Amino acid sequence: MSATDLRRGLYDAVLLDRDGTLVEDVPYNGDPEKVRPVPGAREALDRLRAAGLRLAVVTNQSGLARGLFTEAQMRAVHARVEELLGPFDHWAICPHDDGDGCACRKPAPGLVHEAARALGTTPSRCVLVGDIGRDMTAALAAGATGVLVPTPVTRPEEVAAAPAVARDLPAAVDEVLRRARAVRPVTPRRTGTVLVVRSDSAGDVLVTGPGIRAVAAGAARVVLLCGPRGRAAAELLPGVDEIIEWPLPWIDGSPAPVDPDDMRRLTDRLAEVRADEAVVFTSFHQSALPLALLLRLAGVPRISAISDDYPGSLLDVRHRVPAGVPEPERALSLAAAAGFALPDHDEPALRVRTGPDPDRSDGGYVVVHPGASVPARACPPERWARIVAALAADGRRVLVTGGPDERELTAQVAAAGGVDLGGTTDLAGLARLLTGAGCLVVGNTGPAHLAAALGVPVVSLFAPTVPFGQWGPYRVPTVRLGDAGAPCRDTRATVCPIPGHPCLSGVDPGAVVAAVRTLAPG
Ligand SMILES: [Zn+2]
C-alpha cells in the first residue's frame, strides 16, 4: 500500500449528495446545459480518488415520480456531471416522492445502504457529504459518518444538529483526508509492555477502546490504568492483559485531596509494571501531565500524550488534536502518533470482548436506559415515562434498565408500560441484554457507547452540552433527538444551567417511536 493510499483505515468510500453539494441546486433539472459544479469540486474529488477512496452519489430525485423530467433526461444530466467532475463508482438514486413511503428517500438510510453495498463495503466505512439535515439523518441512521456543507438554504437547526460541518466541499474533503491520515502511524513500532491510561467513567474507557487495541497490536503486553468508575468497562475491553485501578485526584469530578503517601504507592505500583512505554489517553479538558510526572518518577522511558500545555521533558511524543474529532479517533490518532495502528482486519469501531455478534438478532424488545452519569445529560423522568408509554402503545416490549442507585427512576419510568430491570444488571449484564435488543433509547452516557460496541442501534437523546460529533454513538446506526441548538450548547455543564432543561424536556415521544421504527423495523 502506498503512503498516499488511505484504503482500509477509517474509510473506504465517500458518498456525495448531488444538488447543492456537487452541483448548484437547479430544482428538478432535466437539462445537462444547466449543470454547474460548486467551486473546487473537481479538484477535491480527484484528491479523494488519488487517496484510493471510492465515490458514489446519493440523491433524491422526486422529479421522476412527479413527471417533471424523464429518466433519459436525468441520465443526460448525470453524464454531464461526470464529464465535469470525473467518474463516480456508483449512482444511488431515489426516484420516489414523500408520499410513496419508500425506504430510500433521504432522510431514510436506504440509499446509503445501497451505495455501500454497490461499492463492496459497509455504511460504517462511508462518509456522506451533503448540504441539508436529511443527508445527515440518513448517514447517521445507516451508521455512516456525516459531514454537512451548509448553503444559504440550510436551516440553522440542521447546522446545529450536524455531526460535523465544513464551509465548502473542498474543506469537507480536507477534513475526511485529515481524519483518515491522523490514525496512520508515520513510523510503526513493535514493543514490549505498554502502560495505557484512561481514567474517568465507563463511556470514556469504551470510546478509548480502538486506541488501546491499536497499542495492543504492536505490544507484547498491555496494562491499563483506570479509575474506579471505569473499571467495569475496562474489564470488557479486548487487548487489555492487566488492569490497575486507581483514582486520580486531577481527573475525578469530586476528587479527594492529594495524599502524598497514596501518590508514592501509585508511583511504586506503576514502577512494578516495568513498562517500556506509556500512552496516556485523556479528554480534551483533562491534563496528562500530572500522571506523566509520576510515570517519569516510576522510570517509564517513553511517554506519549495529547497536550496543548507545554510538557517540558514529561513527554516524548506530544500530540495535538483539533477540536471536534470523534473521541475514538482522537484516541486512535494518539496511538498513531506513538507508533501504533489497528491491523487491517480490525475495524476502527468500539468493541467489547463479547461483541459485536455478527449473528445478532433483534430479540423483539427495546431497551430504555433513562439514567445518565451527568444530570445535564438526562431527560426528565416524566418525559421518559411518556416515551415508554408511547413505545408500548406502538406494540414494543420495553425493558427499562439502570444502576442500583437508579431504582426509583427506573420504577417510575417503567410504570408507564415497561418492565423494570433497575439494579439487576451490571455493565456486563447490560451488554448481554443489549445484544438481543432491537435498539437502545438513551442519553449521552456510558450505555450508549456500550450499545455502539455491540453493534446495537441507538436512539440518542443527546444534550448538546458537549459536541455530538465528538461524543455521539460511534459508527453505529443512530437517530439523534433533542434540541441541538439549546442555550446549554457547548457549555460542558454537568447540571443544566437553563430553566426547564429545554434541550431534552421537549423530546417528542412520537419522534422516539418513529426513530425506533427506523432503527429496529422488526
Ligand atoms: Zn425512494
# chains A, B, ... in the order shown; residues from 1 in each chain; ligands from 1

call {"tool": "residues_around", "arguments": {"residues": "Pro228 of chain A", "least_positions_apart": "4", "cutoff": "9 Å", "atoms": "only C-alpha atoms", "output": "list in words"}}
result
Ser199, Asp200, Ser201, Ala232, Glu245, Trp246 and Pro247 of chain A

call {"tool": "write_last_selection", "arguments": {"atoms": "N, CA, C and O atoms", "output": "mmCIF file, in the first residue's frame"}}
result
data_model
loop_
_atom_site.group_PDB
_atom_site.id
_atom_site.type_symbol
_atom_site.label_atom_id
_atom_site.label_comp_id
_atom_site.auth_asym_id
_atom_site.auth_seq_id
_atom_site.Cartn_x
_atom_site.Cartn_y
_atom_site.Cartn_z
ATOM 1 N N SER A 199 -8.571 7.301 32.545
ATOM 2 C CA SER A 199 -9.338 7.454 33.780
ATOM 3 C C SER A 199 -10.771 7.801 33.433
ATOM 4 O O SER A 199 -11.154 7.784 32.274
ATOM 5 N N ASP A 200 -11.545 8.134 34.448
ATOM 6 C CA ASP A 200 -12.914 8.589 34.268
ATOM 7 C C ASP A 200 -13.896 7.439 34.098
ATOM 8 O O ASP A 200 -13.614 6.322 34.498
ATOM 9 N N SER A 201 -15.035 7.688 33.450
ATOM 10 C CA SER A 201 -16.179 6.772 33.563
ATOM 11 C C SER A 201 -16.175 5.689 32.484
ATOM 12 O O SER A 201 -15.304 5.646 31.610
ATOM 13 N N ALA A 232 -15.413 -1.470 35.380
ATOM 14 C CA ALA A 232 -16.272 -2.489 34.755
ATOM 15 C C ALA A 232 -16.122 -2.457 33.239
ATOM 16 O O ALA A 232 -16.112 -3.504 32.576
ATOM 17 N N GLU A 245 -6.428 -0.331 39.026
ATOM 18 C CA GLU A 245 -7.486 0.649 39.322
ATOM 19 C C GLU A 245 -6.966 1.626 40.365
ATOM 20 O O GLU A 245 -6.502 1.213 41.429
ATOM 21 N N TRP A 246 -7.037 2.913 40.048
ATOM 22 C CA TRP A 246 -6.523 3.936 40.980
ATOM 23 C C TRP A 246 -7.232 5.257 40.701
ATOM 24 O O TRP A 246 -7.220 5.726 39.563
ATOM 25 N N PRO A 247 -7.848 5.877 41.707
ATOM 26 C CA PRO A 247 -8.451 7.200 41.468
ATOM 27 C C PRO A 247 -7.367 8.270 41.339
ATOM 28 O O PRO A 247 -6.404 8.257 42.115
#

call {"tool": "select_by_dssp", "arguments": {"residues": "segment 392-442 of chain A", "states": "alpha helix (DSSP H)", "output": "list in words"}}
result
Ala392, Ala393, Arg407, Glu408, Leu409, Thr410, Ala411, Gln412, Val413, Ala414, Leu427, Ala428, Gly429, Leu430, Ala431, Arg432, Leu433, Leu434 and Thr435 of chain A

call {"tool": "closest_atom_pairs", "arguments": {"of": "chain A", "to": "ligand 1", "cutoff": "6 Å", "atoms": "only C-alpha atoms and all ligand atoms", "output": "tab-separated table"}}
result
residue	atom	partner	partner_atom_place_in_ligand_line	distance
A:Cys94	CA	ligand 1	1 (Zn)	4.0
A:Pro95	CA	ligand 1	1 (Zn)	5.6
A:His96	CA	ligand 1	1 (Zn)	4.4
A:Cys102	CA	ligand 1	1 (Zn)	4.6
A:Ala103	CA	ligand 1	1 (Zn)	5.8
A:Cys104	CA	ligand 1	1 (Zn)	3.9
A:Arg105	CA	ligand 1	1 (Zn)	4.1

call {"tool": "select_by_dssp", "arguments": {"residues": "segment 101-263 of chain A", "states": "strand (DSSP E)", "output": "list of chain:residue names"}}
result
A:Cys126, A:Val127, A:Leu128, A:Val129, A:Gly130, A:Thr145, A:Gly146, A:Val147, A:Leu148, A:Thr191, A:Gly192, A:Thr193, A:Val194, A:Leu195, A:Val196, A:Val197, A:Ala219, A:Ala220, A:Arg221, A:Val222, A:Val223, A:Leu224, A:Leu225, A:Cys226, A:Glu242, A:Ile243, A:Ile244, A:Glu245

call {"tool": "residues_around", "arguments": {"residues": "segment 281-294 of chain A", "least_positions_apart": "2", "cutoff": "6 Å", "atoms": "only C-alpha atoms", "output": "PyMOL selection string"}}
result
chain A and resi 197-198+267+296-297+314

call {"tool": "atom_distance", "arguments": {"atom1": "atom CA of Gln61 of chain A", "atom2": "atom CA of Tyr28 of chain A"}}
result
7.6 Å

call {"tool": "residues_around", "arguments": {"residues": "segment 376-384 of chain A", "least_positions_apart": "6", "cutoff": "10 Å", "atoms": "only C-alpha atoms", "output": "count of residues only"}}
result
40

call {"tool": "closest_atom_pairs", "arguments": {"of": "segment 301-376 of chain A", "to": "segment 117-137 of chain A", "cutoff": "10 Å", "atoms": "only C-alpha atoms", "output": "tab-separated table"}}
result
residue	atom	partner	partner_atom	distance
A:Glu347	CA	A:Arg125	CA	8.8
A:Pro348	CA	A:Arg125	CA	9.1
A:Ala349	CA	A:Ser124	CA	8.6

call {"tool": "residues_around", "arguments": {"residues": "Gly324 of chain A", "least_positions_apart": "3", "cutoff": "9 Å", "atoms": "only C-alpha atoms", "output": "ChimeraX atom specification"}}
result
/A:163-164,321,327,467-470

call {"tool": "closest_residue", "arguments": {"among": "A:Ser254, A:Thr491, A:Thr21, A:Ser304", "to": "Thr154 of chain A", "atoms": "only C-alpha atoms"}}
result
A:Thr21

call {"tool": "atom_distance", "arguments": {"atom1": "atom CA of Leu433 of chain A", "atom2": "atom CA of Val367 of chain A"}}
result
8.3 Å

call {"tool": "closest_residue", "arguments": {"among": "A:Ile306, A:Val223, A:Leu195, A:Leu332", "to": "Pro210 of chain A", "atoms": "only C-alpha atoms"}}
result
A:Leu332

call {"tool": "residues_around", "arguments": {"residues": "segment 73-87 of chain A", "least_positions_apart": "3", "cutoff": "6 Å", "atoms": "only C-alpha atoms", "output": "PyMOL selection string"}}
result
chain A and resi 30+32+42+70
